[in-house]
Structure formats: structure tokens, C-alpha cells
$ cat my_file11.cif   # mmCIF, C-alpha atoms
data_coords
#
loop_
_atom_site.label_atom_id
_atom_site.label_comp_id
_atom_site.auth_asym_id
_atom_site.auth_seq_id
_atom_site.Cartn_x
_atom_site.Cartn_y
_atom_site.Cartn_z
CA MET A 278 -13.81 7.69 34.53
CA SER A 279 -15.10 8.52 38.06
CA LYS A 280 -18.38 10.39 38.58
CA GLN A 281 -16.50 13.18 40.36
CA LEU A 282 -14.18 13.66 37.38
CA VAL A 283 -17.10 13.69 34.95
CA ASN A 284 -18.90 16.35 37.01
CA ALA A 285 -15.71 18.39 37.30
CA THR A 286 -15.30 18.24 33.53
CA LYS A 287 -18.83 19.55 33.06
CA ARG A 288 -18.42 22.34 35.62
CA THR A 289 -15.54 23.80 33.65
CA GLY A 290 -18.00 24.52 30.83
CA ARG A 291 -15.81 22.86 28.22
CA ARG A 292 -17.89 22.87 25.09
CA ILE A 293 -18.08 20.16 22.44
CA GLY A 294 -18.86 20.82 18.79
CA ILE A 295 -20.17 18.29 16.26
CA ASN A 296 -19.83 18.83 12.52
CA ALA A 297 -23.12 17.49 11.15
CA HIS A 298 -22.99 18.93 7.63
CA LEU A 299 -23.33 15.50 6.04
CA LEU A 300 -26.69 15.08 7.72
CA GLY A 301 -28.82 14.49 4.63
CA SER A 302 -32.23 16.10 4.23
CA GLY A 303 -33.25 15.07 0.73
CA GLU A 304 -33.34 11.96 -1.40
CA GLY A 305 -30.12 10.39 -2.56
CA TYR A 306 -26.90 8.90 -1.36
CA ARG A 307 -26.46 11.37 1.53
CA ARG A 308 -29.44 9.76 3.25
CA ALA A 309 -27.48 6.50 3.45
CA GLY A 310 -25.42 5.15 6.37
CA VAL A 311 -23.34 8.29 6.96
CA SER A 312 -26.40 10.46 7.50
CA ARG A 313 -28.10 7.81 9.62
CA TYR A 314 -25.04 7.60 11.89
CA ILE A 315 -25.00 11.38 12.44
CA ALA A 316 -28.77 11.60 12.98
CA GLU A 317 -28.74 8.79 15.55
CA LEU A 318 -25.75 10.22 17.41
CA LEU A 319 -27.45 13.61 17.69
CA GLY A 320 -30.80 12.04 18.53
CA HIS A 321 -29.33 10.08 21.47
CA LEU A 322 -27.01 12.83 22.69
CA GLU A 323 -29.35 14.22 25.35
CA GLU A 324 -29.89 10.80 26.90
CA ALA A 325 -26.18 9.96 26.77
CA ASP A 326 -25.00 13.31 28.18
CA PRO A 327 -27.94 15.31 29.62
CA GLU A 328 -25.68 17.95 31.19
CA GLY A 329 -23.34 18.35 28.24
CA ASP A 330 -22.64 21.66 26.51
CA TYR A 331 -22.78 21.17 22.72
CA VAL A 332 -22.67 23.21 19.55
CA LEU A 333 -24.08 21.48 16.46
CA PHE A 334 -22.95 22.65 13.03
CA LEU A 335 -25.86 21.73 10.77
CA PRO A 336 -26.66 22.21 7.09
CA ALA A 337 -29.10 25.01 6.35
CA GLY A 338 -32.69 23.82 6.35
CA SER A 339 -32.17 21.13 8.98
CA SER A 340 -35.21 20.61 11.20
CA LEU A 341 -33.23 18.97 14.01
CA ARG A 342 -34.10 20.32 17.46
CA LEU A 343 -32.40 19.36 20.71
CA THR A 344 -32.26 20.71 24.25
CA HIS A 345 -31.70 24.25 25.46
CA GLN A 346 -28.14 23.21 26.35
CA THR A 347 -27.33 22.77 22.68
CA ARG A 348 -26.45 25.65 20.38
CA VAL A 349 -27.04 25.25 16.68
CA SER A 350 -25.11 26.92 13.86
CA THR A 351 -26.30 26.46 10.27
CA ARG A 352 -24.61 27.25 6.96
CA ARG A 353 -25.38 26.42 3.35
CA THR A 354 -22.82 23.87 2.18
CA GLU A 355 -24.48 22.13 -0.76
CA GLY A 356 -21.94 20.61 -3.11
CA PRO A 357 -18.59 19.07 -2.19
CA ALA A 358 -16.46 22.12 -3.02
CA ARG A 359 -18.48 24.50 -0.87
CA ARG A 360 -18.61 22.03 2.02
CA VAL A 361 -14.85 21.37 1.94
CA LEU A 362 -14.06 25.09 1.92
CA TRP A 363 -16.41 25.68 4.84
CA GLU A 364 -15.00 22.69 6.71
CA GLN A 365 -11.36 23.69 6.31
CA LEU A 366 -11.60 27.51 6.46
CA GLU A 367 -14.74 28.61 8.28
CA LEU A 368 -15.26 25.78 10.76
CA PRO A 369 -11.93 26.37 12.61
CA ARG A 370 -12.89 30.02 13.11
CA ALA A 371 -16.33 28.97 14.31
CA ALA A 372 -14.72 26.54 16.75
CA GLN A 373 -12.63 29.36 18.17
CA ARG A 374 -15.59 31.76 18.27
CA GLU A 375 -17.69 29.21 20.14
CA HIS A 376 -14.84 28.46 22.58
CA LEU A 377 -14.88 24.78 21.77
CA ALA A 378 -12.68 22.46 23.77
CA LEU A 379 -13.33 19.58 21.37
CA LEU A 380 -14.72 19.15 17.87
CA HIS A 381 -16.10 15.81 16.69
CA SER A 382 -15.96 15.26 12.93
CA PRO A 383 -18.19 12.21 12.30
CA VAL A 384 -17.21 11.43 8.71
CA ASN A 385 -13.48 10.80 8.16
CA VAL A 386 -12.20 14.38 7.91
CA GLN A 387 -11.57 17.13 10.45
CA PRO A 388 -10.19 20.65 9.81
CA LEU A 389 -6.44 20.57 9.40
CA LEU A 390 -6.00 23.78 11.45
CA LEU A 391 -8.11 23.04 14.50
CA PRO A 392 -7.88 25.36 17.55
CA CYS A 393 -9.09 22.66 19.93
CA GLN A 394 -8.93 18.93 20.51
CA GLY A 395 -10.34 16.76 17.73
CA VAL A 396 -12.18 13.46 17.57
CA VAL A 397 -12.83 11.96 14.14
CA THR A 398 -15.03 9.01 13.22
CA VAL A 399 -13.70 7.02 10.29
CA MET A 400 -16.48 5.18 8.48
CA ASP A 401 -14.31 3.18 6.10
CA LEU A 402 -11.24 3.35 3.88
CA SER A 403 -12.90 2.13 0.70
CA PHE A 404 -11.17 4.87 -1.30
CA LEU A 405 -7.86 3.17 -0.45
CA VAL A 406 -9.01 -0.43 -0.65
CA TYR A 407 -10.99 -0.03 -3.90
CA PRO A 408 -9.67 3.22 -5.41
CA ARG A 409 -11.16 2.54 -8.86
CA SER A 410 -14.62 2.77 -7.35
CA PHE A 411 -14.17 6.53 -6.85
CA ARG A 412 -13.72 9.54 -9.06
CA PRO A 413 -10.10 10.78 -9.02
CA GLN A 414 -10.77 14.05 -7.21
CA GLN A 415 -12.95 12.35 -4.62
CA ARG A 416 -10.32 9.67 -4.03
CA LEU A 417 -7.50 12.21 -3.69
CA TYR A 418 -9.41 14.35 -1.19
CA GLN A 419 -10.39 11.41 0.99
CA THR A 420 -6.94 9.82 0.86
CA VAL A 421 -5.04 12.93 1.91
CA PHE A 422 -7.48 14.40 4.41
CA THR A 423 -8.55 11.17 6.12
CA ARG A 424 -4.96 10.08 6.69
CA VAL A 425 -3.93 13.46 8.12
CA SER A 426 -7.13 13.74 10.19
CA ALA A 427 -6.58 10.33 11.79
CA GLN A 428 -2.97 11.21 12.59
CA ARG A 429 -3.80 14.58 14.16
CA ALA A 430 -6.96 13.67 16.06
CA ALA A 431 -6.72 13.13 19.80
CA GLN A 432 -8.90 10.05 19.39
CA VAL A 433 -10.26 8.15 16.39
CA ILE A 434 -13.57 6.29 16.44
CA ALA A 435 -13.78 3.35 14.03
CA ILE A 436 -17.23 1.88 13.37
CA SER A 437 -15.87 -1.66 13.07
CA LEU A 438 -12.80 -3.70 13.90
CA GLN A 439 -12.13 -3.94 10.15
CA THR A 440 -11.96 -0.14 9.87
CA ALA A 441 -9.67 0.03 12.90
CA GLN A 442 -7.31 -2.51 11.35
CA ASP A 443 -7.36 -0.66 8.03
CA LEU A 444 -6.46 2.60 9.80
CA VAL A 445 -3.41 1.01 11.40
CA ARG A 446 -2.33 -0.84 8.25
CA ARG A 447 -3.04 1.78 5.60
CA CYS A 448 -2.81 5.12 7.41
CA GLY A 449 -0.28 4.38 10.12
CA THR A 450 -2.72 5.41 12.84
CA ASN A 451 -1.62 4.59 16.37
CA ALA A 452 -3.80 1.67 17.48
CA SER A 453 -3.84 2.93 21.07
CA LYS A 454 -5.94 5.95 20.14
CA ILE A 455 -8.59 4.05 18.14
CA ALA A 456 -11.89 3.19 19.82
CA VAL A 457 -14.14 0.70 18.02
CA ILE A 458 -17.76 1.76 18.52
CA TYR A 459 -20.39 -0.11 16.53
CA PRO A 460 -23.47 1.63 15.11
CA GLY A 461 -26.90 0.46 16.24
CA VAL A 462 -30.35 -0.14 14.86
CA ASP A 463 -33.47 1.94 15.54
CA SER A 464 -36.49 0.37 17.24
CA SER A 465 -38.59 1.11 14.15
CA PHE A 466 -36.75 -1.76 12.46
CA ARG A 467 -38.73 -4.71 13.77
CA PRO A 468 -41.06 -7.43 12.47
CA ALA A 469 -44.36 -6.01 11.26
CA GLU A 470 -47.83 -7.50 11.52
CA PRO A 471 -48.91 -9.59 8.50
CA ALA A 472 -51.81 -7.21 7.80
CA ALA A 473 -49.44 -4.21 7.69
CA ILE A 474 -47.08 -6.08 5.39
CA GLN A 475 -49.84 -7.03 2.98
CA ALA A 476 -51.32 -3.51 2.97
CA PHE A 477 -47.91 -2.02 2.19
CA ARG A 478 -47.29 -4.58 -0.54
CA GLN A 479 -50.57 -3.63 -2.21
CA ARG A 480 -50.01 0.11 -1.75
CA ARG A 481 -46.59 -0.04 -3.40
CA GLY A 482 -47.57 -2.62 -6.02
CA LEU A 483 -44.90 -5.06 -4.88
CA PRO A 484 -44.77 -8.67 -6.03
CA GLU A 485 -45.61 -11.41 -3.55
CA ARG A 486 -42.04 -12.73 -3.71
CA PHE A 487 -38.92 -10.62 -4.14
CA ILE A 488 -35.21 -10.41 -3.30
CA LEU A 489 -34.14 -7.06 -1.82
CA HIS A 490 -30.96 -4.99 -1.91
CA VAL A 491 -30.80 -1.62 -0.14
CA GLY A 492 -27.86 0.68 -0.76
CA THR A 493 -26.45 3.48 -2.87
CA LEU A 494 -25.93 2.53 -6.51
CA GLU A 495 -22.15 2.68 -6.77
CA PRO A 496 -19.33 0.32 -7.83
CA ARG A 497 -18.43 -0.82 -4.32
CA LYS A 498 -21.84 -2.45 -3.84
CA ASN A 499 -20.88 -5.10 -6.42
CA LEU A 500 -24.34 -5.12 -7.99
CA PRO A 501 -23.29 -6.56 -11.39
CA VAL A 502 -22.41 -9.80 -9.55
CA LEU A 503 -25.83 -9.80 -7.89
CA LEU A 504 -27.54 -9.18 -11.24
CA ARG A 505 -25.66 -12.06 -12.88
CA ALA A 506 -26.52 -14.32 -9.95
CA PHE A 507 -30.19 -13.40 -10.24
CA ASP A 508 -30.10 -14.03 -13.98
CA ARG A 509 -28.65 -17.51 -13.38
CA ALA A 510 -31.17 -18.29 -10.65
CA ARG A 511 -34.43 -16.85 -11.97
CA SER A 512 -35.59 -19.94 -13.86
CA SER A 513 -35.39 -21.89 -10.58
CA LEU A 514 -36.83 -19.22 -8.31
CA PRO A 515 -40.50 -19.18 -7.26
CA ALA A 516 -42.78 -17.92 -10.03
CA GLY A 517 -42.92 -14.14 -10.26
CA CYS A 518 -39.96 -13.57 -7.93
CA LYS A 519 -38.29 -10.22 -8.71
CA LEU A 520 -35.11 -8.44 -7.67
CA VAL A 521 -35.61 -5.02 -6.05
CA LEU A 522 -32.72 -2.54 -5.92
CA ALA A 523 -33.63 0.22 -3.48
CA GLY A 524 -31.27 3.18 -3.10
CA GLY A 525 -30.29 6.50 -4.56
CA LYS A 526 -27.84 6.90 -7.43
CA GLY A 527 -24.33 7.55 -6.17
CA TRP A 528 -21.38 7.72 -8.56
CA LEU A 529 -20.18 5.58 -11.47
CA TYR A 530 -23.49 3.70 -11.40
CA GLU A 531 -23.84 3.41 -15.19
CA PRO A 532 -22.31 -0.13 -15.39
CA ILE A 533 -25.14 -1.35 -13.15
CA LEU A 534 -27.74 -0.11 -15.60
CA ARG A 535 -25.78 -1.51 -18.54
CA THR A 536 -25.69 -4.95 -16.89
CA ILE A 537 -29.46 -4.92 -16.53
CA GLU A 538 -29.79 -4.16 -20.24
CA GLU A 539 -27.15 -6.69 -21.24
CA LEU A 540 -28.93 -9.48 -19.36
CA GLN A 541 -32.36 -8.27 -20.54
CA LEU A 542 -33.62 -7.98 -16.98
CA GLU A 543 -35.61 -4.79 -17.41
CA SER A 544 -38.88 -6.55 -16.57
CA GLU A 545 -37.38 -8.61 -13.72
CA VAL A 546 -35.44 -5.95 -11.79
CA ILE A 547 -37.28 -3.16 -9.99
CA LEU A 548 -35.18 0.00 -9.60
CA ARG A 549 -36.99 1.58 -6.67
CA GLY A 550 -34.63 4.48 -6.08
CA PHE A 551 -34.57 6.29 -2.77
CA VAL A 552 -36.72 4.78 -0.02
CA PRO A 553 -37.92 7.13 2.78
CA ASP A 554 -36.75 6.18 6.26
CA GLU A 555 -40.29 5.65 7.50
CA GLU A 556 -40.97 3.06 4.77
CA LEU A 557 -37.71 1.15 4.95
CA PRO A 558 -38.72 -1.31 7.72
CA LEU A 559 -41.70 -2.46 5.65
CA TRP A 560 -39.52 -3.09 2.61
CA TYR A 561 -37.37 -5.42 4.70
CA ASN A 562 -40.48 -7.08 6.11
CA CYS A 563 -41.92 -7.74 2.65
CA ALA A 564 -38.78 -9.33 1.17
CA ASP A 565 -38.02 -13.06 1.03
CA VAL A 566 -34.34 -12.41 1.55
CA PHE A 567 -31.98 -9.44 1.81
CA VAL A 568 -28.80 -9.63 -0.29
CA TYR A 569 -25.63 -7.58 0.18
CA PRO A 570 -22.68 -8.64 -2.01
CA SER A 571 -20.67 -5.48 -1.26
CA LEU A 572 -16.94 -5.55 -1.91
CA TYR A 573 -16.14 -3.45 1.13
CA GLU A 574 -18.06 -1.88 4.02
CA GLY A 575 -17.05 0.07 7.07
CA PHE A 576 -19.98 -1.56 8.84
CA GLY A 577 -22.97 -2.47 6.65
CA LEU A 578 -25.99 -0.86 8.32
CA PRO A 579 -28.64 -2.24 5.90
CA VAL A 580 -27.63 -5.79 6.86
CA LEU A 581 -28.30 -5.04 10.53
CA GLU A 582 -31.61 -3.33 9.72
CA ALA A 583 -32.76 -6.31 7.67
CA MET A 584 -31.94 -8.75 10.48
CA ALA A 585 -33.78 -6.55 12.99
CA CYS A 586 -36.89 -6.80 10.79
CA GLY A 587 -36.65 -10.57 10.61
CA CYS A 588 -35.53 -10.69 6.99
CA PRO A 589 -33.08 -13.52 6.16
CA VAL A 590 -29.68 -12.17 5.12
CA MET A 591 -27.11 -13.16 2.52
CA ALA A 592 -23.96 -11.02 2.60
CA ALA A 593 -20.44 -11.02 1.24
CA ARG A 594 -17.72 -12.57 3.34
CA SER A 595 -15.72 -9.35 3.09
CA SER A 596 -14.45 -6.49 5.25
CA SER A 597 -16.71 -5.77 8.25
CA LEU A 598 -19.77 -7.74 7.14
CA PRO A 599 -18.88 -10.90 9.10
CA GLU A 600 -18.69 -8.70 12.22
CA VAL A 601 -22.30 -7.64 11.67
CA VAL A 602 -23.80 -10.93 10.48
CA GLY A 603 -21.92 -13.31 12.76
CA ASP A 604 -23.55 -16.76 12.50
CA ALA A 605 -27.00 -15.27 11.82
CA GLY A 606 -26.90 -15.25 8.01
CA LEU A 607 -25.21 -16.69 4.94
CA LEU A 608 -21.74 -15.31 4.16
CA LEU A 609 -20.59 -15.88 0.57
CA THR A 610 -17.56 -15.02 -1.51
CA GLN A 611 -18.23 -11.75 -3.31
CA HIS A 612 -16.86 -12.65 -6.75
CA GLN A 613 -18.79 -15.81 -7.65
CA PRO A 614 -22.28 -15.18 -9.08
CA GLU A 615 -22.82 -18.93 -9.49
CA VAL A 616 -22.53 -19.39 -5.71
CA TRP A 617 -24.96 -16.54 -5.05
CA ALA A 618 -27.37 -18.00 -7.59
CA GLU A 619 -27.33 -21.38 -5.90
CA GLU A 620 -27.96 -19.90 -2.46
CA LEU A 621 -30.71 -17.60 -3.73
CA VAL A 622 -32.59 -20.62 -5.03
CA ARG A 623 -31.99 -22.54 -1.81
CA VAL A 624 -33.22 -19.76 0.48
CA CYS A 625 -36.20 -18.66 -1.61
CA SER A 626 -37.37 -22.28 -2.02
CA ASN A 627 -37.05 -23.32 1.62
CA ALA A 628 -39.51 -21.77 4.09
CA THR A 629 -37.97 -23.64 7.03
CA MET A 630 -34.54 -22.24 6.26
CA ARG A 631 -35.95 -18.71 6.00
CA ALA A 632 -37.66 -19.10 9.38
CA GLU A 633 -34.41 -20.27 11.00
CA LEU A 634 -32.45 -17.37 9.51
CA ARG A 635 -35.17 -14.98 10.65
CA GLU A 636 -34.82 -16.03 14.30
CA LEU A 637 -31.03 -15.99 14.19
CA GLY A 638 -31.05 -12.50 12.68
CA LEU A 639 -33.46 -11.11 15.25
CA GLU A 640 -31.28 -12.39 18.08
CA ARG A 641 -28.13 -11.01 16.48
CA ALA A 642 -29.63 -7.56 15.89
CA ARG A 643 -30.42 -7.17 19.60
CA GLN A 644 -26.70 -6.91 20.28
CA PHE A 645 -26.42 -3.52 18.52
CA SER A 646 -27.81 -0.30 20.00
CA TRP A 647 -27.68 3.39 19.05
CA THR A 648 -28.05 4.23 22.73
CA LYS A 649 -24.90 2.24 23.48
CA MET A 650 -23.12 3.91 20.54
CA ALA A 651 -23.94 7.41 21.85
CA ARG A 652 -22.87 6.58 25.41
CA GLU A 653 -19.54 5.15 24.25
CA THR A 654 -18.97 8.19 22.03
CA VAL A 655 -19.61 10.55 24.96
CA ARG A 656 -17.14 8.48 26.97
CA VAL A 657 -14.52 9.19 24.30
CA TYR A 658 -15.26 12.94 24.54
CA ARG A 659 -14.78 12.83 28.30
CA GLU A 660 -11.55 10.88 28.10
CA VAL A 661 -10.10 13.38 25.61
CA LEU A 662 -11.17 16.38 27.70
CA SER A 663 -9.75 14.85 30.87
CA GLY A 664 -6.40 14.22 29.16
CA GLY A 665 -6.92 10.48 29.09
CA THR A 666 -5.52 10.00 25.55
#

$ encode --input "my_file11.cif" --output "C-alpha cells"
Amino acid sequence: MSKQLVNATKRTGRRIGINAHLLGSGEGYRRAGVSRYIAELLGHLEEADPEGDYVLFLPAGSSLRLTHQTRVSTRRTEGPARRVLWEQLELPRAAQREHLALLHSPVNVQPLLLPCQGVVTVMDLSFLVYPRSFRPQQRLYQTVFTRVSAQRAAQVIAISLQTAQDLVRRCGTNASKIAVIYPGVDSSFRPAEPAAIQAFRQRRGLPERFILHVGTLEPRKNLPVLLRAFDRARSSLPAGCKLVLAGGKGWLYEPILRTIEELQLESEVILRGFVPDEELPLWYNCADVFVYPSLYEGFGLPVLEAMACGCPVMAARSSSLPEVVGDAGLLLTQHQPEVWAEELVRVCSNATMRAELRELGLERARQFSWTKMARETVRVYREVLSGGT
């Protein structure tokens, strides 16, 4: 788009709204990738569009503060039912009241009755690809509303090529209105000094050697396979090497806990729970290897964060994960614990291999940027407002 057209668009005062009600503020699964995506988009909005006119719809209690050009509207929407009602009934009225020209819905679903143009970001279609990994009511809501939202939106943002392909194949979305915009990685995710790593290890009581997984405890993460692989490998791993599962409890996580009991791994697996954002880079820095056997991901942000910290990565050869890892890590079939066990032993026992994977991962991570993501998202807004879709 030309500079003159961009300036003309701004002079008309056409206002953009962003529904940020899945911006998590407490511990748990809402502080996972979805919340990170929203937070980073909002945090880079001023730099990407310093003259833009925005209204942010935030959950009550949010501490987010942006420029004077940004209006903020907050509502209490704790709990899925309350949030859905607000999203479908109140948000359209708010969009009209605020004279929005465009509303961006960053997590799959936009209001069905929208009085302005709509842009929707689709994170993934896991509820269609692996429906048994979701509760029935959750699956039904996502299936119906995501499909309709993608059809009605002026433009759809997919966070990976895999998600874009799934939208075309499973939802019938017109490929011409899908923009693939990759997430990025924050500068706080970087290699730490050895002294800082050792101090953190002592402060948190972490073992000298451990394998790390970061992610919500839910069926899609395929953690029983990881647990069985670790059980197979542990007699050949370095002495004292543990498995750390860091992440909040999501849904249908009970089989994960049962597998730990079944394999008698209670003393070998550390269930860390939620990890605060400010600590997460040090967890990656302390680990021997980061493992991610997920069945399906829209992107796989923890994999990118681990690589940016210099942590060797092993991930499933599934969905979008090869797009993130490229040739910078080990990609394995997600259903064979014996293969994961063999590679765990190989990586944890070979310092040279870990050093090579570290350098490859660091180089790969430099290709992803939140700044770039925000700029490309603003470009989508401008194209929609100029009638370019």
C-alpha cells in the first residue's frame, strides 16, 4: 500500500478494535500461547502503527497501558459462558458505540452479528483434527463459531501454513483471504550467563540434569508418550536426570497423572505447574534438552522460545512444528515412545551434539520476530480498510 493511501486511511479516523479478553492475568492455561500472542500484538502496536486509532477490549483487572491514542474498555468475563455471551451480544453493540471500522478477534471467533469489518486470527483447528481431546461443549462451540467466523471475516490471519491449509481443507475458507503471519519470540528469551543459570538452579532446587517440557497439561500435548519414553530411557540417562513438566492444568489431564503413577515415576517426574513469564527463559537455559511430542499445534511457541535460549529441541514431526524447527532440531514421529527414548539418551549423553543443536536453534530463532508479526498484522488492517480484500 502507498504511503499516501495509508495516511489517507488514518485521516478518515477509521477506528480499529481488538478483542483481548483472552489476555490471561493469572496462573493457568490462559497464560499459554494464546495470551502471549495477544500481549505481544498489543505491546508492539504503537511501534507498528504509531498514528493508529485503537480501542482495546480487555478483561477487568488488566494492567495493560498503551498510548493516548488507544481507548480501553474493560468488562468482567471470567468463565467461558460469560465470555461467550459478552463476545456475541455485548461486543457488537460496543463496536457500534465506538464507531469501529474494523474489529480484530485474535482467537478463532468473532461476533456473528458484527456491524463493521472483521479480521480473525485462527490459532489452530485442533478441535477438528483431534476432537476427542476436547470436552463436547468446548468442541461444539469452537467447531461452529470458528468455521462461521472464518467464512464471514474480511481477512483471516493464520499463525502457520499448517493452520492456513487446515482452514481451506476443513472449513472451506477461501485461500485468497488468508494471510500467514508467524508469531515471534521476545528478546528476554536468550542464552543466560552460567552464573545466573547456576543461581536459578539452586534457588529453585533443580537437578543438575533434566529434560524439560513446557505446555498446558492436556491430551493434545501427547505427554503419556513422553512419559513412556522417559521410563524406557532413564536407566541409560545420566545419573540423576529428571523429567520436568512445566505448565498449568488444562482439561482432561487426568490420564497424564495416571501414567506417572502407572510407571511409578513419582520421584523421577517434577510437576512444576505454572511458570511465571519472567522465569521461563531460565528454565529453558537450565535444561539439557526441550521435548515437545505434541500431536497438533497451530504454531508451537515453546519450541521457538527454547531454541532462542539455546536449548536443544526434540519435537514431533506433526502439524506446524516442522515449520518452526526447520533443520535446527530433531523431528520425531509422535506415536513411538521407543524412538523418543533412544534420542533422549543420545542427546543427553552427547555434549557435542547438544552444542551443535544449540547453535542451530539460536540461528533459527532469529528468523521470528514479534515486531514483524505486529507490522504484518497492521498491514492486514490497512488492506481491509482500503478495500483491498

$ resolve_selection --input "my_file11.cif" --expression "the PyMOL selection byres ((chain A and resi 655-666) around 10)" --output "ChimeraX atom specification"
/A:278,282-283,285-287,291-293,318,322,325-326,329,378-381,394-396,431-434,453-456,458,649-654

$ resolve_selection --input "my_file11.cif" --expression "the PyMOL selection byres ((chain A and resi 504) around 9)" --output "mmCIF file with C-alpha atoms, keeping the file's coordinate frame"
data_model
loop_
_atom_site.group_PDB
_atom_site.id
_atom_site.type_symbol
_atom_site.label_atom_id
_atom_site.label_comp_id
_atom_site.auth_asym_id
_atom_site.auth_seq_id
_atom_site.Cartn_x
_atom_site.Cartn_y
_atom_site.Cartn_z
ATOM 1 C CA LEU A 500 -24.340 -5.120 -7.990
ATOM 2 C CA PRO A 501 -23.290 -6.560 -11.390
ATOM 3 C CA VAL A 502 -22.410 -9.800 -9.550
ATOM 4 C CA LEU A 503 -25.830 -9.800 -7.890
ATOM 5 C CA ARG A 505 -25.660 -12.060 -12.880
ATOM 6 C CA ALA A 506 -26.520 -14.320 -9.950
ATOM 7 C CA PHE A 507 -30.190 -13.400 -10.240
ATOM 8 C CA ASP A 508 -30.100 -14.030 -13.980
ATOM 9 C CA ARG A 509 -28.650 -17.510 -13.380
ATOM 10 C CA LEU A 520 -35.110 -8.440 -7.670
ATOM 11 C CA ILE A 533 -25.140 -1.350 -13.150
ATOM 12 C CA THR A 536 -25.690 -4.950 -16.890
ATOM 13 C CA ILE A 537 -29.460 -4.920 -16.530
ATOM 14 C CA LEU A 540 -28.930 -9.480 -19.360
ATOM 15 C CA LEU A 542 -33.620 -7.980 -16.980
ATOM 16 C CA VAL A 546 -35.440 -5.950 -11.790
ATOM 17 C CA PRO A 614 -22.280 -15.180 -9.080
#

$ closest_atom_pairs --input "my_file11.cif" --of "stretch 506-539 of chain A" --to "stretch 407-420 of chain A" --cutoff "10 Å" --atoms "all atoms listed in the file" --output "tab-separated table"
residue	atom	partner	partner_atom	distance
A:Trp528	CA	A:Phe411	CA	7.5
A:Leu529	CA	A:Ser410	CA	7.5
A:Tyr530	CA	A:Ser410	CA	9.8

$ atom_distance --input "my_file11.cif" --atom1 "atom CA of A:Phe477" --atom2 "atom CA of A:Met630"
24.6 Å

$ closest_residue --input "my_file11.cif" --among "A:Trp363, A:Trp617, A:Trp647, A:Phe576" --to "A:Gly310" --atoms "all atoms listed in the file"
A:Phe576

$ closest_residue --input "my_file11.cif" --among "A:Leu489, A:Leu514, A:Leu391, A:Ala593" --to "A:Ser571" --atoms "all atoms listed in the file"
A:Ala593
